[in-house]
Amino acid sequence: MKFAREVSGISHGVSLGLLAALYVRDSLALSVDVEPHVPGLDPSLPVQVPLGTDRAAVTAEWPGWWNDALDACRRGAEPLTAEDAEALLTRPASRAVVVALKPGIEKLHQVQSPAALPMGDVLRGIESRIGRWAQSVELHIAEVPVDGLLWERIAPAHVLASTRFLNDPARTAPALRAVLEDLV
């Protein structure tokens with residue numbers, strides 16, 4: 001990303017690993033409860049259980065898969081393809097359903113364009129207030145196309161945010177400011 005000068009360490013995009021987990025959760029209508037709570041995908045998906053899917057096994061694997069997918073996101077270990085996520089290496093039922101649902105997951109991932117964020121304006125405002133350049137700023141925003149407003153800090157320099165939240169400048173700028181002020 002370019003601002004008044006090059007600011008490295010700031011990234012923002014749609015996470016394939018998290019999107020795949022949410023796609024499976026919603027397609028199979030799994031009843032799982034994890035923190036942070038993440039609403040259903042937007043637009044919502046029809047229930048679709050591929051033939052041969054062990055729904056009970058996927059339900060049992062899903063919370064651990066979600067936690068591992070969040071961890072991979074925090075470490076910057078995004079998979080190249082949904083089925084190659086390291087979080088699926090020890091979860092055969094979940095991996096099998098990802099393979100079965102791969103066309104839908106890939107289609108949804110391809111149509112997602114990360115929201116435009118006012119990062120430069122927010123950084124310039126912070127720099128003006130503190131009287132120096134914001135150096136060595138690291139912030140990673142994983143965008144997920146879910147229903148509702150989601151802005152959840154999943155690590156000091158990592159945020160999980162809904163597309164709807166990020167597309168609302170009145171919410172995004174103050175939220176970015178709060179996180180970035182904490183990091184500079």
# chains A, B, ... in the order shown; residues from 1 in each chain; ligands from 1
>>> residues_around(residues="Ala69 in chain A", least_positions_apart="5", cutoff="8 Å", atoms="only C-alpha atoms", output="ChimeraX atom specification")
/A:17-18,21,85,87
>>> residues_around(residues="range 10-16 of chain A", least_positions_apart="5", cutoff="8 Å", atoms="only C-alpha atoms", output="ChimeraX atom specification")
/A:1,73,78-79,81-82,109,112-114,137-144
>>> select_by_dssp(residues="range 108-150 of chain A", states="strand (DSSP E or B)", output="MDAnalysis selection string")
chainID A and resid 139:144 146
>>> write_last_selection(atoms="N, CA and C atoms", output="short mmCIF file (atom, residue, chain, number, x, y, z; two decimals), in the first residue's frame")
data_model
loop_
_atom_site.label_atom_id
_atom_site.label_comp_id
_atom_site.auth_asym_id
_atom_site.auth_seq_id
_atom_site.Cartn_x
_atom_site.Cartn_y
_atom_site.Cartn_z
N LEU A 139 -0.39 -4.01 10.61
CA LEU A 139 -1.80 -4.25 10.80
C LEU A 139 -2.30 -5.12 9.66
N HIS A 140 -3.03 -6.15 10.01
CA HIS A 140 -3.57 -7.07 9.01
C HIS A 140 -5.07 -7.19 9.25
N ILE A 141 -5.84 -6.90 8.21
CA ILE A 141 -7.29 -6.96 8.30
C ILE A 141 -7.78 -8.08 7.40
N ALA A 142 -8.42 -9.07 8.01
CA ALA A 142 -9.02 -10.18 7.27
C ALA A 142 -10.50 -9.86 7.10
N GLU A 143 -10.90 -9.67 5.86
CA GLU A 143 -12.28 -9.33 5.55
C GLU A 143 -13.07 -10.59 5.26
N VAL A 144 -14.27 -10.66 5.84
CA VAL A 144 -15.17 -11.78 5.57
C VAL A 144 -16.54 -11.21 5.17
N VAL A 146 -19.72 -11.37 5.63
CA VAL A 146 -20.79 -11.89 6.49
C VAL A 146 -21.85 -10.83 6.72
#
>>> closest_residue(among="A:Ala116, A:Val184, A:Ala100, A:Leu51", to="Ala134 in chain A", atoms="only C-alpha atoms")
A:Val184
>>> atom_distance(atom1="CA of Leu22 in chain A", atom2="CA of Pro43 in chain A")
12.2 Å
>>> residues_around(residues="Ala178 in chain A", least_positions_apart="5", cutoff="12 Å", atoms="only C-alpha atoms", output="list in words")
Val122, Leu123, Gly125, Ile126, Leu139, Trp151, Arg153, Pro156, Ala157, Val159, Arg171, Thr172, Ala173, Leu183 and Val184 of chain A
>>> write_last_selection(atoms="N, CA and C atoms", output="PDB file, in the first residue's frame")
ATOM      1  N   VAL A 122      -6.278   8.153   7.862  1.00  0.00           N
ATOM      2  CA  VAL A 122      -6.218   7.846   9.296  1.00  0.00           C
ATOM      3  C   VAL A 122      -4.782   7.948   9.797  1.00  0.00           C
ATOM      4  N   LEU A 123      -3.831   7.381   9.042  1.00  0.00           N
ATOM      5  CA  LEU A 123      -2.424   7.443   9.460  1.00  0.00           C
ATOM      6  C   LEU A 123      -1.917   8.883   9.507  1.00  0.00           C
ATOM      7  N   GLY A 125      -3.627  11.552  10.056  1.00  0.00           N
ATOM      8  CA  GLY A 125      -4.219  12.188  11.226  1.00  0.00           C
ATOM      9  C   GLY A 125      -3.501  11.797  12.515  1.00  0.00           C
ATOM     10  N   ILE A 126      -3.155  10.541  12.633  1.00  0.00           N
ATOM     11  CA  ILE A 126      -2.424  10.068  13.818  1.00  0.00           C
ATOM     12  C   ILE A 126      -1.035  10.702  13.855  1.00  0.00           C
ATOM     13  N   LEU A 139      -0.385  -4.006  10.608  1.00  0.00           N
ATOM     14  CA  LEU A 139      -1.805  -4.245  10.803  1.00  0.00           C
ATOM     15  C   LEU A 139      -2.295  -5.117   9.661  1.00  0.00           C
ATOM     16  N   TRP A 151     -16.271  -6.193  13.647  1.00  0.00           N
ATOM     17  CA  TRP A 151     -14.927  -5.629  13.775  1.00  0.00           C
ATOM     18  C   TRP A 151     -14.386  -6.238  15.058  1.00  0.00           C
ATOM     19  N   ARG A 153     -10.920  -7.642  17.016  1.00  0.00           N
ATOM     20  CA  ARG A 153      -9.463  -7.771  17.096  1.00  0.00           C
ATOM     21  C   ARG A 153      -9.155  -9.196  17.534  1.00  0.00           C
ATOM     22  N   PRO A 156      -3.150  -8.469  18.602  1.00  0.00           N
ATOM     23  CA  PRO A 156      -2.845  -7.031  18.666  1.00  0.00           C
ATOM     24  C   PRO A 156      -2.813  -6.336  17.302  1.00  0.00           C
ATOM     25  N   ALA A 157      -2.281  -6.997  16.284  1.00  0.00           N
ATOM     26  CA  ALA A 157      -2.165  -6.360  14.969  1.00  0.00           C
ATOM     27  C   ALA A 157      -3.019  -7.051  13.910  1.00  0.00           C
ATOM     28  N   VAL A 159      -7.157  -7.921  12.716  1.00  0.00           N
ATOM     29  CA  VAL A 159      -8.575  -7.644  12.878  1.00  0.00           C
ATOM     30  C   VAL A 159      -9.364  -8.509  11.905  1.00  0.00           C
ATOM     31  N   ARG A 171     -17.919   4.142  10.378  1.00  0.00           N
ATOM     32  CA  ARG A 171     -17.473   3.140  11.355  1.00  0.00           C
ATOM     33  C   ARG A 171     -15.994   2.787  11.171  1.00  0.00           C
ATOM     34  N   THR A 172     -15.585   2.679   9.901  1.00  0.00           N
ATOM     35  CA  THR A 172     -14.235   2.195   9.607  1.00  0.00           C
ATOM     36  C   THR A 172     -13.152   3.145  10.097  1.00  0.00           C
ATOM     37  N   ALA A 173     -13.270   4.416   9.805  1.00  0.00           N
ATOM     38  CA  ALA A 173     -12.212   5.364  10.177  1.00  0.00           C
ATOM     39  C   ALA A 173     -11.968   5.378  11.688  1.00  0.00           C
ATOM     40  N   LEU A 183      -1.026   0.892  17.939  1.00  0.00           N
ATOM     41  CA  LEU A 183       0.129   0.206  17.341  1.00  0.00           C
ATOM     42  C   LEU A 183       1.307   1.110  17.018  1.00  0.00           C
ATOM     43  N   VAL A 184       1.073   2.436  16.902  1.00  0.00           N
ATOM     44  CA  VAL A 184       2.208   3.333  16.544  1.00  0.00           C
ATOM     45  C   VAL A 184       2.985   3.765  17.758  1.00  0.00           C
TER      46      VAL A 184
END
>>> atom_distance(atom1="CA of Gly148 in chain A", atom2="CA of Asp71 in chain A")
23.0 Å
